[in-house]
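What's in work.txt: compact mmCIF, C-alpha atoms and all ligand atoms
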# COMPACT_ATOMS: atom_id res chain seq x y z
CA MET A 1 0.00 0.00 0.00
CA ILE A 2 2.52 2.57 1.13
CA LYS A 3 5.91 2.55 -0.52
CA GLU A 4 8.87 1.80 1.70
CA GLY A 5 10.52 5.19 1.18
CA ARG A 6 7.41 7.17 2.01
CA THR A 7 6.84 5.32 5.26
CA VAL A 8 10.26 6.37 6.47
CA GLN A 9 9.67 9.98 5.47
CA GLN A 10 6.31 10.06 7.21
CA ALA A 11 7.64 8.50 10.38
CA ALA A 12 10.10 11.36 10.67
CA ARG A 13 7.31 13.93 10.44
CA PRO A 14 5.54 15.28 13.48
CA THR A 15 2.30 13.55 14.27
CA SER A 16 -0.93 15.41 14.40
CA THR A 17 -3.88 13.62 15.89
CA ALA A 18 -7.35 15.11 15.79
CA VAL A 19 -10.51 14.03 17.53
CA LYS A 20 -13.93 15.60 17.82
CA ILE A 21 -16.83 15.91 20.18
CA LEU A 22 -20.30 16.94 19.08
CA VAL A 23 -22.46 19.33 21.05
CA ALA A 24 -26.05 18.65 20.13
CA GLY A 25 -29.50 19.52 21.38
CA ALA A 26 -32.62 21.48 20.67
CA LEU A 27 -32.74 25.00 19.29
CA ALA A 28 -31.26 27.74 21.46
CA VAL A 29 -30.25 25.31 24.20
CA GLY A 30 -26.75 26.77 24.50
CA LYS A 31 -24.70 24.77 21.99
CA THR A 32 -22.83 27.73 20.54
CA THR A 33 -22.31 29.12 24.04
CA LEU A 34 -20.72 25.87 25.21
CA VAL A 35 -18.48 25.66 22.15
CA ALA A 36 -17.31 29.23 22.74
CA SER A 37 -16.67 28.57 26.45
CA VAL A 38 -14.34 25.64 25.85
CA SER A 39 -12.63 26.81 22.66
CA GLU A 40 -9.20 28.41 22.76
CA ILE A 41 -10.10 30.38 19.64
CA ARG A 42 -13.21 32.35 18.81
CA PRO A 43 -15.55 29.72 17.31
CA LEU A 44 -15.38 29.37 13.55
CA THR A 45 -18.37 28.98 11.31
CA THR A 46 -18.82 27.12 8.08
CA GLU A 47 -21.52 25.45 6.04
CA GLU A 48 -22.28 22.06 4.65
CA LYS A 49 -24.79 20.89 2.11
CA LEU A 50 -26.92 17.97 3.20
CA THR A 51 -29.21 15.68 1.32
CA VAL A 52 -32.49 15.43 3.12
CA ALA A 53 -34.85 12.53 2.73
CA SER A 54 -38.22 13.97 3.63
CA ALA A 55 -40.67 11.72 5.42
CA ALA A 56 -43.20 10.06 3.15
CA THR A 57 -46.05 11.00 5.48
CA ASP A 58 -45.30 14.69 4.98
CA ASP A 59 -45.46 14.29 1.26
CA LEU A 60 -48.72 14.54 -0.62
CA THR A 61 -47.57 12.07 -3.23
CA GLY A 62 -46.49 9.55 -0.60
CA VAL A 63 -43.19 9.18 -2.40
CA GLU A 64 -40.04 9.78 -0.46
CA SER A 65 -38.35 12.79 -1.96
CA LYS A 66 -34.87 14.12 -1.58
CA ALA A 67 -33.82 17.70 -1.28
CA THR A 68 -30.64 19.57 -0.54
CA THR A 69 -30.29 21.95 2.36
CA THR A 70 -27.39 24.07 3.44
CA VAL A 71 -26.75 24.18 7.16
CA ALA A 72 -24.37 26.40 9.06
CA PHE A 73 -22.48 25.06 12.05
CA ASP A 74 -19.87 26.37 14.42
CA PHE A 75 -16.86 24.73 15.95
CA GLY A 76 -14.07 25.42 18.38
CA ARG A 77 -10.68 23.92 19.08
CA ILE A 78 -8.53 22.92 22.03
CA THR A 79 -4.94 21.86 21.39
CA PHE A 80 -2.85 19.67 23.65
CA GLY A 81 0.80 18.74 23.30
CA GLY A 82 3.59 20.37 21.37
CA PRO A 83 4.14 20.77 17.63
CA ASP A 84 5.78 17.34 17.40
CA ASP A 85 2.86 15.45 18.87
CA LEU A 86 -0.06 17.76 18.43
CA LEU A 87 -3.42 16.54 19.67
CA THR A 88 -6.34 18.70 18.63
CA LEU A 89 -9.82 18.36 20.01
CA TYR A 90 -12.51 19.92 17.83
CA VAL A 91 -15.86 20.69 19.37
CA PHE A 92 -18.63 20.88 16.78
CA GLY A 93 -21.92 22.52 17.61
CA THR A 94 -24.51 20.74 15.52
CA PRO A 95 -27.05 22.89 13.73
CA GLY A 96 -30.28 23.56 15.60
CA GLN A 97 -32.37 20.51 16.04
CA GLU A 98 -34.46 19.58 13.09
CA ARG A 99 -34.79 15.97 12.09
CA PHE A 100 -32.79 16.43 8.91
CA THR A 101 -29.68 17.45 10.74
CA TYR A 102 -29.47 14.00 12.22
CA LEU A 103 -29.14 12.50 8.80
CA TRP A 104 -25.72 14.12 8.84
CA ASP A 105 -23.73 10.99 9.54
CA GLY A 106 -20.55 12.57 8.22
CA LEU A 107 -20.55 14.81 11.25
CA ALA A 108 -20.77 11.95 13.74
CA ALA A 109 -18.37 9.54 12.00
CA GLY A 110 -15.30 8.96 14.14
CA ALA A 111 -16.43 11.23 16.98
CA ILE A 112 -15.48 10.50 20.58
CA GLY A 113 -19.11 11.10 21.40
CA ALA A 114 -21.72 13.76 21.95
CA VAL A 115 -22.88 16.09 24.66
CA VAL A 116 -26.64 16.44 24.39
CA LEU A 117 -27.57 19.75 25.96
CA ALA A 118 -31.02 19.85 27.49
CA ASP A 119 -33.20 22.60 28.86
CA THR A 120 -35.51 21.37 31.63
CA ARG A 121 -38.29 23.66 30.40
CA ARG A 122 -38.55 21.65 27.17
CA LEU A 123 -36.97 18.27 27.70
CA GLU A 124 -39.14 16.67 25.02
CA ASP A 125 -37.20 18.64 22.41
CA SER A 126 -34.21 16.41 23.18
CA PHE A 127 -35.81 13.13 22.15
CA ALA A 128 -34.94 13.15 18.44
CA CYS A 129 -31.36 13.88 19.28
CA LEU A 130 -31.11 11.14 21.93
CA ASP A 131 -32.72 8.64 19.57
CA TYR A 132 -30.16 9.46 16.92
CA PHE A 133 -27.10 8.91 19.11
CA GLU A 134 -28.61 5.78 20.63
CA ALA A 135 -29.26 4.35 17.17
CA ARG A 136 -25.76 5.26 16.03
CA ARG A 137 -24.26 3.74 19.18
CA LEU A 138 -22.21 6.85 19.74
CA PRO A 139 -21.32 7.47 23.40
CA PHE A 140 -23.26 10.45 24.74
CA ILE A 141 -24.04 12.20 27.96
CA VAL A 142 -26.88 14.56 28.79
CA ALA A 143 -25.87 17.95 30.16
CA VAL A 144 -28.66 19.98 31.70
CA ASN A 145 -27.95 23.62 30.89
CA GLU A 146 -29.34 25.42 33.90
CA PHE A 147 -30.98 28.53 32.52
CA ASP A 148 -31.85 31.36 34.87
CA GLY A 149 -35.47 31.09 35.92
CA ALA A 150 -35.81 27.43 34.99
CA ASP A 151 -36.89 25.08 37.78
CA ARG A 152 -34.03 23.05 39.23
CA TYR A 153 -34.32 19.29 38.99
CA HIS A 154 -32.22 16.47 40.34
CA VAL A 155 -30.27 14.62 37.66
CA ASP A 156 -32.30 11.47 38.42
CA GLU A 157 -35.53 13.33 37.66
CA VAL A 158 -34.08 14.36 34.30
CA ARG A 159 -32.92 10.80 33.66
CA ASP A 160 -36.43 9.48 34.35
CA ALA A 161 -38.10 12.12 32.22
CA LEU A 162 -35.78 11.36 29.29
CA GLU A 163 -36.07 7.58 29.82
CA LEU A 164 -32.31 7.22 29.74
CA LYS A 165 -30.48 3.97 30.28
CA PRO A 166 -28.78 3.87 33.69
CA ARG A 167 -25.32 3.93 32.12
CA VAL A 168 -25.89 7.29 30.38
CA PRO A 169 -24.36 10.01 32.57
CA VAL A 170 -26.43 13.09 33.32
CA VAL A 171 -24.59 16.20 34.49
CA LEU A 172 -25.60 19.75 35.30
CA CYS A 173 -23.77 22.51 33.49
CA ASP A 174 -23.57 26.20 32.87
CA ALA A 175 -22.63 26.53 29.22
CA ARG A 176 -21.36 30.06 29.86
CA SER A 177 -18.73 28.90 32.33
CA ARG A 178 -15.43 27.65 30.98
CA THR A 179 -14.85 25.46 34.03
CA SER A 180 -18.31 23.94 33.86
CA ALA A 181 -18.23 23.46 30.09
CA THR A 182 -14.77 21.85 30.25
CA ALA A 183 -15.89 19.51 33.05
CA THR A 184 -18.84 18.53 30.85
CA LEU A 185 -16.49 17.52 28.04
CA SER A 186 -14.40 15.55 30.57
CA ALA A 187 -17.48 13.69 31.70
CA LEU A 188 -18.17 12.68 28.11
CA VAL A 189 -14.60 11.55 27.42
CA ARG A 190 -14.58 9.53 30.66
CA HIS A 191 -17.86 7.90 29.62
CA ALA A 192 -16.52 7.20 26.11
CA LEU A 193 -13.44 5.58 27.62
CA HIS A 194 -15.58 3.32 29.80
CA SER A 195 -17.76 2.48 26.80
CA LEU A 196 -14.89 1.07 24.76
CA PRO A 197 -15.30 -2.69 24.26
CA HIS A 198 -12.17 -3.71 26.14
CA ALA A 199 -11.27 -0.54 27.98
CA ALA A 200 -8.24 -1.23 30.14
CA PRO A 201 -8.93 0.06 33.64
CA SER A 202 -5.27 0.86 34.21
CA PRO A 203 -4.32 4.46 33.40
CA LEU A 204 -0.76 3.29 32.77
CA GLY A 205 0.34 2.35 29.30
CA ALA A 206 -1.84 1.90 26.28
CA PRO A 207 -3.08 -1.58 25.54
CA ALA A 208 -1.26 -3.28 22.69
CA MET B 209 -38.25 33.85 28.63
CA ALA B 210 -39.39 33.28 25.07
CA VAL B 211 -37.41 31.05 22.80
CA PRO B 212 -35.86 33.51 20.35
CA THR B 213 -36.53 31.54 17.20
CA SER B 214 -39.57 29.85 15.74
CA ARG B 215 -37.82 28.27 12.83
CA ASN B 216 -34.40 26.85 12.41
CA PRO B 217 -31.91 29.68 11.98
CA ALA B 218 -29.17 27.20 11.22
CA ALA B 219 -30.81 26.27 7.94
CA VAL B 220 -29.74 28.79 5.36
CA ALA B 221 -32.58 28.52 2.87
CA GLU B 222 -30.85 30.39 0.08
CA PRO B 223 -27.08 30.64 0.43
CA ILE B 224 -25.88 34.17 -0.18
CA PRO B 225 -24.63 34.26 -3.78
CA ARG B 226 -20.91 34.80 -3.84
CA GLU B 227 -18.72 35.65 -6.77
CA PRO B 228 -17.28 33.59 -8.16
CA ARG B 229 -19.79 30.83 -7.53
CA THR B 230 -18.59 27.96 -5.41
CA TYR B 231 -19.12 25.61 -8.37
CA ALA B 232 -16.72 27.70 -10.42
CA ILE B 233 -14.06 27.34 -7.75
CA THR B 234 -14.41 23.56 -7.73
CA ARG B 235 -14.70 23.54 -11.54
CA GLY B 236 -18.11 21.99 -11.37
CA ARG B 237 -17.25 19.18 -9.01
CA VAL B 238 -19.32 18.63 -5.89
CA GLN B 239 -17.68 15.64 -4.31
CA THR B 240 -14.51 13.63 -4.02
CA THR B 241 -13.84 9.96 -3.69
CA ARG B 242 -11.69 10.57 -0.64
CA ASP B 243 -13.13 10.11 2.81
CA LEU B 244 -12.11 13.44 4.34
CA ARG B 245 -13.59 13.89 7.78
CA LEU B 246 -14.23 17.36 9.15
CA GLU B 247 -11.41 16.98 11.67
CA ALA B 248 -8.90 15.34 9.27
CA GLN B 249 -5.54 17.09 9.59
CA LEU B 250 -3.73 18.73 6.70
CA VAL B 251 -0.09 19.74 6.53
CA PRO B 252 2.07 21.11 3.71
CA GLY B 253 3.21 18.40 1.34
CA ARG B 254 6.55 17.81 -0.30
CA HIS B 255 5.66 19.32 -3.67
CA THR B 256 4.74 22.88 -2.95
CA ALA B 257 4.62 24.60 -6.31
CA ARG B 258 3.95 21.96 -8.93
CA ARG B 259 1.34 24.00 -10.72
CA PRO B 260 -0.25 27.38 -10.23
CA VAL B 261 -2.82 27.21 -7.47
CA SER B 262 -6.07 29.13 -7.25
CA ALA B 263 -6.61 31.85 -4.67
CA GLU B 264 -8.57 29.47 -2.46
CA GLU B 265 -5.94 26.75 -2.74
CA ALA B 266 -3.28 29.29 -1.83
CA GLN B 267 -5.29 30.29 1.23
CA ILE B 268 -5.50 26.67 2.40
CA LEU B 269 -1.76 26.14 1.85
CA ALA B 270 -0.92 29.33 3.73
CA ALA B 271 -3.18 28.41 6.66
CA CYS B 272 -1.65 24.98 7.12
CA SER B 273 1.92 26.27 6.89
CA ILE B 274 1.52 27.77 10.35
CA ARG B 275 0.09 24.67 11.99
CA SER B 276 -1.86 21.68 10.76
CA ILE B 277 -5.47 22.54 10.01
CA SER B 278 -8.57 20.42 9.65
CA VAL B 279 -10.85 20.13 6.64
CA ALA B 280 -13.43 22.17 8.59
CA GLU B 281 -10.85 24.91 9.18
CA ALA B 282 -9.94 24.82 5.48
CA ALA B 283 -13.61 25.47 4.67
CA HIS B 284 -13.75 28.35 7.13
CA THR B 285 -10.50 29.75 5.72
CA ILE B 286 -11.83 29.98 2.18
CA GLY B 287 -15.30 31.02 3.32
CA ARG B 288 -16.91 28.23 1.34
CA PRO B 289 -18.93 25.15 2.27
CA VAL B 290 -17.18 22.01 3.45
CA TRP B 291 -17.99 20.14 0.24
CA ALA B 292 -16.02 22.70 -1.77
CA ALA B 293 -13.09 22.56 0.64
CA ARG B 294 -13.06 18.77 0.29
CA VAL B 295 -12.77 19.03 -3.51
CA LEU B 296 -9.87 21.49 -3.32
CA VAL B 297 -8.11 19.60 -0.53
CA SER B 298 -8.42 16.40 -2.49
CA ASP B 299 -6.79 18.05 -5.53
CA LEU B 300 -3.97 19.41 -3.38
CA LEU B 301 -3.41 15.97 -1.85
CA ASP B 302 -3.26 14.51 -5.38
CA THR B 303 -0.56 16.95 -6.46
CA GLY B 304 1.39 16.51 -3.23
CA ALA B 305 1.03 20.15 -2.22
CA LEU B 306 -0.85 18.96 0.86
CA ALA B 307 -0.31 15.87 2.97
CA MET B 308 -2.09 14.21 5.82
CA PRO B 309 0.16 13.43 8.77
CA ALA B 310 0.24 9.87 9.97
CA ALA B 311 -2.39 9.39 12.64
CA ALA B 312 -4.05 6.63 14.58
CA PRO B 313 -6.67 4.98 12.35
CA ALA B 314 -9.56 5.55 14.78
CA PRO B 315 -8.36 8.10 17.32
CA GLY B 316 -11.88 8.72 18.65
CA ARG B 317 -11.94 5.16 19.95
CA ASP B 318 -8.29 4.83 20.91
CA PRO B 319 -7.97 4.57 24.71
CA ALA B 320 -4.50 6.16 24.71
CA VAL B 321 -5.80 9.16 22.77
CA LEU B 322 -8.88 9.46 24.99
CA ARG B 323 -6.72 9.39 28.12
CA ARG B 324 -4.57 12.17 26.68
CA VAL B 325 -7.64 14.27 25.94
CA LEU B 326 -8.95 13.64 29.45
CA ALA B 327 -5.67 14.61 31.07
CA GLY B 328 -5.56 17.75 28.93
CA LEU B 329 -9.11 18.76 29.81
CA ASP B 330 -8.60 18.09 33.50
CA ALA B 331 -5.46 20.25 33.43
CA LEU B 332 -7.45 23.07 31.82
CA ASP B 333 -10.13 22.66 34.41
CA ARG B 334 -7.62 23.28 37.19
CA GLN B 335 -6.35 26.49 35.60
CA PRO B 336 -7.85 29.62 37.12
N1 LIG A 401 -28.99 31.84 31.60
C1 LIG A 401 -28.32 31.13 30.71
N2 LIG A 401 -28.38 31.48 29.41
C2 LIG A 401 -27.71 30.76 28.52
C3 LIG A 401 -26.95 29.63 28.90
N3 LIG A 401 -26.41 29.08 27.79
C4 LIG A 401 -26.83 29.84 26.76
N4 LIG A 401 -27.60 30.85 27.18
C5 LIG A 401 -28.25 31.85 26.32
O1 LIG A 401 -29.24 31.19 25.55
C6 LIG A 401 -29.27 31.72 24.22
C7 LIG A 401 -29.06 30.64 23.18
O2 LIG A 401 -27.74 30.15 23.29
P1 LIG A 401 -26.92 29.57 22.05
O3 LIG A 401 -25.60 29.14 22.59
O4 LIG A 401 -26.94 30.50 20.91
O5 LIG A 401 -27.82 28.32 21.70
P2 LIG A 401 -27.68 27.32 20.46
O6 LIG A 401 -28.06 25.97 20.99
O7 LIG A 401 -26.37 27.44 19.81
O8 LIG A 401 -28.81 27.86 19.51
P3 LIG A 401 -29.10 27.45 17.97
O9 LIG A 401 -27.78 27.30 17.29
O10 LIG A 401 -29.91 28.60 17.48
O11 LIG A 401 -29.90 26.19 18.03
C8 LIG A 401 -28.23 32.82 24.18
O12 LIG A 401 -28.87 34.04 24.39
C9 LIG A 401 -27.30 32.48 25.33
O13 LIG A 401 -26.68 33.63 25.86
C10 LIG A 401 -26.89 29.30 30.29
O14 LIG A 401 -26.24 28.35 30.71
N5 LIG A 401 -27.60 30.06 31.14
MG MG A 402 -25.88 27.81 17.77
Rewrite the coordinates I just gave you, this time as structure tokens.
Ligand SMILES: Nc1nc2c(ncn2[C@@H]2O[C@H](COP(=O)(O)OP(=O)(O)OP(=O)(O)O)[C@@H](O)[C@H]2O)c(=O)[nH]1
Ligand SMILES: [Mg+2]
Amino acid sequence: MIKEGRTVQQAARPTSTAVKILVAGALAVGKTTLVASVSEIRPLTTEEKLTVASAATDDLTGVESKATTTVAFDFGRITFGGPDDLLTLYVFGTPGQERFTYLWDGLAAGAIGAVVLADTRRLEDSFACLDYFEARRLPFIVAVNEFDGADRYHVDEVRDALELKPRVPVVLCDARSRTSATATLSALVRHALHSLPHAAPSPLGAPA
Amino acid sequence: MAVPTSRNPAAVAEPIPREPRTYAITRGRVQTTRDLRLEAQLVPGRHTARRPVSAEEAQILAACSIRSISVAEAAHTIGRPVWAARVLVSDLLDTGALAMPAAAPAPGRDPAVLRRVLAGLDALDRQP
């Protein structure tokens, strides 16, 4: 596959590993705010074109139709390590929750997992998002973004209301706080680590 | 407090027309055969000036000469959608002007990588 000479050249080059976390959830739940809180740069914005399969029931002809939509999304970045062994964590805020956005498998492919932000005043808006990550078997946690004026609930009440499996972590967060937002990402990465098929419990040394 | 939006503001119904059109920049192509993830890293390649590059290609090359950039950052850099960035990046990889640094095949599921991310985040968390 790779020619002998090139392998040697590449081995001498610095490595650059990149991973990503998705921040998902209903409209205006604080996704962009969380991305901005954790990012070491001002969040960047770009667009992608998605093919949308519209539901047959919404269609007068009963035929499934396809359409193209352009969605904007924002993302931030946290870098660890030096230039020789750069590790970059990208945090992608998914576009506001509409069913079509969850057809965007290219966004989720290869992700560490997702933080599903939830607002206790409209928890039902989180269902489509939770269903998507469950179906994709992507590790996710639920982070309750505690808006001012919203009633405070215990995490177990949120878990019950969302009908979450016991292994799905639920955390409280303030998306505006860097400390809180960073701790939320940590909770996801810890959960993703525990969700690996043969996760070695020892923090020392990587498994072969 | 009222929810500020009734419809999805993330969906741009009609992209703002830009000159030249994005299709012109990609010379009519909309996709590539390469699997280029949003986070895939790009670095300068060995063959920097094989052929004249377009303004957008030059912007991507300049951005990654400072530090490696992702496909998503390449799209942001040229101010064009990700699909267009993928087409240009793919061309630049073909000519050797860009390269992708060796990386773990599935870093998002690599326990060593996840532990490094966790340690990094926890260190940030302790900073004032
Ligand atoms: N009180 C409070 N307000 C917040 C919090 N997080 C976000 N907000 C506010 O809620 C509003 C929506 O936040 P965004 O971060 O734009 O939400 P979003 O999920 O990116 O929204 P869309 O991309 O439109 O779906 C903004 O006015 C934020 O300032 C929070 O933790 N507490
Ligand atoms: Mg947003």
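Distance annotation: of B:Arg288, B:Val238, B:Glu247, B:Arg254, the residue with the minimal separation from B:Gln267 is B:Arg288; atom set is only C-alpha atoms.
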(request) Counting only C-alpha atoms, collect the residues of chain A whose closest atom lies at most 7 Å from chain B, and write them out as a ChimeraX atom specification. (result) /A:10,15-20,44-48,69-72,80,90,95-96,110-112,179,182-183,186,189,193,196,199,206
Residues of chain A at most 8 Å from ligand MG 402 (chain A): nearest atom pair and distance in Å, all atoms listed in the file, as CSV:
residue,atom,partner,partner_atom,distance
A:Leu27,CA,A:MG402,MG,7.6
A:Ala28,CA,A:MG402,MG,6.5
A:Gly30,CA,A:MG402,MG,6.9
A:Lys31,CA,A:MG402,MG,5.3
A:Thr32,CA,A:MG402,MG,4.1
A:Thr33,CA,A:MG402,MG,7.3
A:Phe73,CA,A:MG402,MG,7.2
A:Asp74,CA,A:MG402,MG,7.0
A:Gly93,CA,A:MG402,MG,6.6
A:Thr94,CA,A:MG402,MG,7.5
A:Pro95,CA,A:MG402,MG,6.5
A:Gly96,CA,A:MG402,MG,6.5
(message) Which residues are close to A:Gly113, i.e. within 10 Å by all atoms listed in the file, leaving aside same-chain residues fewer than 4 positions away? Reply as an MDAnalysis selection string.
(response) (chainID A and resid 19:23 108:109 133 137:141 185 188:189 191:192) or (chainID B and resid 316:317)
Write a file of the just-selected residues containing C-alpha atoms, as a PDB file, in the coordinates of the input.
ATOM      1  CA  VAL A  19     -10.510  14.030  17.530  1.00  0.00           C
ATOM      2  CA  LYS A  20     -13.930  15.600  17.820  1.00  0.00           C
ATOM      3  CA  ILE A  21     -16.830  15.910  20.180  1.00  0.00           C
ATOM      4  CA  LEU A  22     -20.300  16.940  19.080  1.00  0.00           C
ATOM      5  CA  VAL A  23     -22.460  19.330  21.050  1.00  0.00           C
ATOM      6  CA  ALA A 108     -20.770  11.950  13.740  1.00  0.00           C
ATOM      7  CA  ALA A 109     -18.370   9.540  12.000  1.00  0.00           C
ATOM      8  CA  PHE A 133     -27.100   8.910  19.110  1.00  0.00           C
ATOM      9  CA  ARG A 137     -24.260   3.740  19.180  1.00  0.00           C
ATOM     10  CA  LEU A 138     -22.210   6.850  19.740  1.00  0.00           C
ATOM     11  CA  PRO A 139     -21.320   7.470  23.400  1.00  0.00           C
ATOM     12  CA  PHE A 140     -23.260  10.450  24.740  1.00  0.00           C
ATOM     13  CA  ILE A 141     -24.040  12.200  27.960  1.00  0.00           C
ATOM     14  CA  LEU A 185     -16.490  17.520  28.040  1.00  0.00           C
ATOM     15  CA  LEU A 188     -18.170  12.680  28.110  1.00  0.00           C
ATOM     16  CA  VAL A 189     -14.600  11.550  27.420  1.00  0.00           C
ATOM     17  CA  HIS A 191     -17.860   7.900  29.620  1.00  0.00           C
ATOM     18  CA  ALA A 192     -16.520   7.200  26.110  1.00  0.00           C
TER      19      ALA A 192
ATOM     20  CA  GLY B 316     -11.880   8.720  18.650  1.00  0.00           C
ATOM     21  CA  ARG B 317     -11.940   5.160  19.950  1.00  0.00           C
TER      22      ARG B 317
END
Mind dumping a table of every chain A residue within 12 Å of ligand LIG 401 (chain A), with the nearest atom pair and its distance in Å to one decimal, using all atoms listed in the file, sorted by chain and rising number, as JSON lines?
{"residue": "A:Val23", "atom": "CA", "partner": "A:LIG401", "partner_atom": "O6", "distance": 8.7}
{"residue": "A:Ala24", "atom": "CA", "partner": "A:LIG401", "partner_atom": "O6", "distance": 7.6}
{"residue": "A:Gly25", "atom": "CA", "partner": "A:LIG401", "partner_atom": "O6", "distance": 6.6}
{"residue": "A:Ala26", "atom": "CA", "partner": "A:LIG401", "partner_atom": "O11", "distance": 6.0}
{"residue": "A:Leu27", "atom": "CA", "partner": "A:LIG401", "partner_atom": "O11", "distance": 3.3}
{"residue": "A:Ala28", "atom": "CA", "partner": "A:LIG401", "partner_atom": "O8", "distance": 3.1}
{"residue": "A:Val29", "atom": "CA", "partner": "A:LIG401", "partner_atom": "O6", "distance": 3.9}
{"residue": "A:Gly30", "atom": "CA", "partner": "A:LIG401", "partner_atom": "O3", "distance": 3.3}
{"residue": "A:Lys31", "atom": "CA", "partner": "A:LIG401", "partner_atom": "O6", "distance": 3.7}
{"residue": "A:Thr32", "atom": "CA", "partner": "A:LIG401", "partner_atom": "O7", "distance": 3.6}
{"residue": "A:Thr33", "atom": "CA", "partner": "A:LIG401", "partner_atom": "O3", "distance": 3.6}
{"residue": "A:Leu34", "atom": "CA", "partner": "A:LIG401", "partner_atom": "O3", "distance": 6.4}
{"residue": "A:Val35", "atom": "CA", "partner": "A:LIG401", "partner_atom": "O3", "distance": 7.9}
{"residue": "A:Ala36", "atom": "CA", "partner": "A:LIG401", "partner_atom": "O3", "distance": 8.3}
{"residue": "A:Ser37", "atom": "CA", "partner": "A:LIG401", "partner_atom": "O3", "distance": 9.7}
{"residue": "A:Pro43", "atom": "CA", "partner": "A:LIG401", "partner_atom": "O7", "distance": 11.3}
{"residue": "A:Thr45", "atom": "CA", "partner": "A:LIG401", "partner_atom": "O9", "distance": 11.3}
{"residue": "A:Val71", "atom": "CA", "partner": "A:LIG401", "partner_atom": "O9", "distance": 10.6}
{"residue": "A:Ala72", "atom": "CA", "partner": "A:LIG401", "partner_atom": "O9", "distance": 9.0}
{"residue": "A:Phe73", "atom": "CA", "partner": "A:LIG401", "partner_atom": "O9", "distance": 7.8}
{"residue": "A:Asp74", "atom": "CA", "partner": "A:LIG401", "partner_atom": "O9", "distance": 8.5}
{"residue": "A:Phe75", "atom": "CA", "partner": "A:LIG401", "partner_atom": "O7", "distance": 10.6}
{"residue": "A:Phe92", "atom": "CA", "partner": "A:LIG401", "partner_atom": "O7", "distance": 10.6}
{"residue": "A:Gly93", "atom": "CA", "partner": "A:LIG401", "partner_atom": "O7", "distance": 7.0}
{"residue": "A:Thr94", "atom": "CA", "partner": "A:LIG401", "partner_atom": "O9", "distance": 7.5}
{"residue": "A:Pro95", "atom": "CA", "partner": "A:LIG401", "partner_atom": "O9", "distance": 5.7}
{"residue": "A:Gly96", "atom": "CA", "partner": "A:LIG401", "partner_atom": "O11", "distance": 3.6}
{"residue": "A:Gln97", "atom": "CA", "partner": "A:LIG401", "partner_atom": "O11", "distance": 6.5}
{"residue": "A:Glu98", "atom": "CA", "partner": "A:LIG401", "partner_atom": "O11", "distance": 9.4}
{"residue": "A:Thr101", "atom": "CA", "partner": "A:LIG401", "partner_atom": "O11", "distance": 11.4}
{"residue": "A:Val115", "atom": "CA", "partner": "A:LIG401", "partner_atom": "O6", "distance": 11.7}
{"residue": "A:Val116", "atom": "CA", "partner": "A:LIG401", "partner_atom": "O6", "distance": 10.2}
{"residue": "A:Leu117", "atom": "CA", "partner": "A:LIG401", "partner_atom": "O6", "distance": 8.0}
{"residue": "A:Ala118", "atom": "CA", "partner": "A:LIG401", "partner_atom": "O6", "distance": 9.4}
{"residue": "A:Asp119", "atom": "CA", "partner": "A:LIG401", "partner_atom": "O14", "distance": 9.2}
{"residue": "A:Thr120", "atom": "CA", "partner": "A:LIG401", "partner_atom": "O14", "distance": 11.6}
{"residue": "A:Asp125", "atom": "CA", "partner": "A:LIG401", "partner_atom": "O11", "distance": 11.4}
{"residue": "A:Ser126", "atom": "CA", "partner": "A:LIG401", "partner_atom": "O6", "distance": 11.6}
{"residue": "A:Ala143", "atom": "CA", "partner": "A:LIG401", "partner_atom": "O14", "distance": 10.4}
{"residue": "A:Val144", "atom": "CA", "partner": "A:LIG401", "partner_atom": "O14", "distance": 8.8}
{"residue": "A:Asn145", "atom": "CA", "partner": "A:LIG401", "partner_atom": "O14", "distance": 5.0}
{"residue": "A:Glu146", "atom": "CA", "partner": "A:LIG401", "partner_atom": "O14", "distance": 5.3}
{"residue": "A:Phe147", "atom": "CA", "partner": "A:LIG401", "partner_atom": "N5", "distance": 4.0}
{"residue": "A:Asp148", "atom": "CA", "partner": "A:LIG401", "partner_atom": "N1", "distance": 4.4}
{"residue": "A:Gly149", "atom": "CA", "partner": "A:LIG401", "partner_atom": "N1", "distance": 7.8}
{"residue": "A:Ala150", "atom": "CA", "partner": "A:LIG401", "partner_atom": "N1", "distance": 8.8}
{"residue": "A:Leu172", "atom": "CA", "partner": "A:LIG401", "partner_atom": "O14", "distance": 9.8}
{"residue": "A:Cys173", "atom": "CA", "partner": "A:LIG401", "partner_atom": "O14", "distance": 6.9}
{"residue": "A:Asp174", "atom": "CA", "partner": "A:LIG401", "partner_atom": "O14", "distance": 4.1}
{"residue": "A:Ala175", "atom": "CA", "partner": "A:LIG401", "partner_atom": "O14", "distance": 4.3}
{"residue": "A:Arg176", "atom": "CA", "partner": "A:LIG401", "partner_atom": "O14", "distance": 5.2}
{"residue": "A:Ser177", "atom": "CA", "partner": "A:LIG401", "partner_atom": "O14", "distance": 7.7}
{"residue": "A:Arg178", "atom": "CA", "partner": "A:LIG401", "partner_atom": "O14", "distance": 10.8}
{"residue": "A:Ser180", "atom": "CA", "partner": "A:LIG401", "partner_atom": "O14", "distance": 9.6}
{"residue": "A:Ala181", "atom": "CA", "partner": "A:LIG401", "partner_atom": "O14", "distance": 9.4}
(request) Would you work out the distance separating atom CA of A:Thr88 from atom CA of A:Leu50, expressed in Å to one decimal? (result) 25.7 Å
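Across B:Thr240, B:Ser273, B:Ala266, B:Ala232, the tightest approach to B:Arg294 is made by B:Thr240 when counting all atoms listed in the file.
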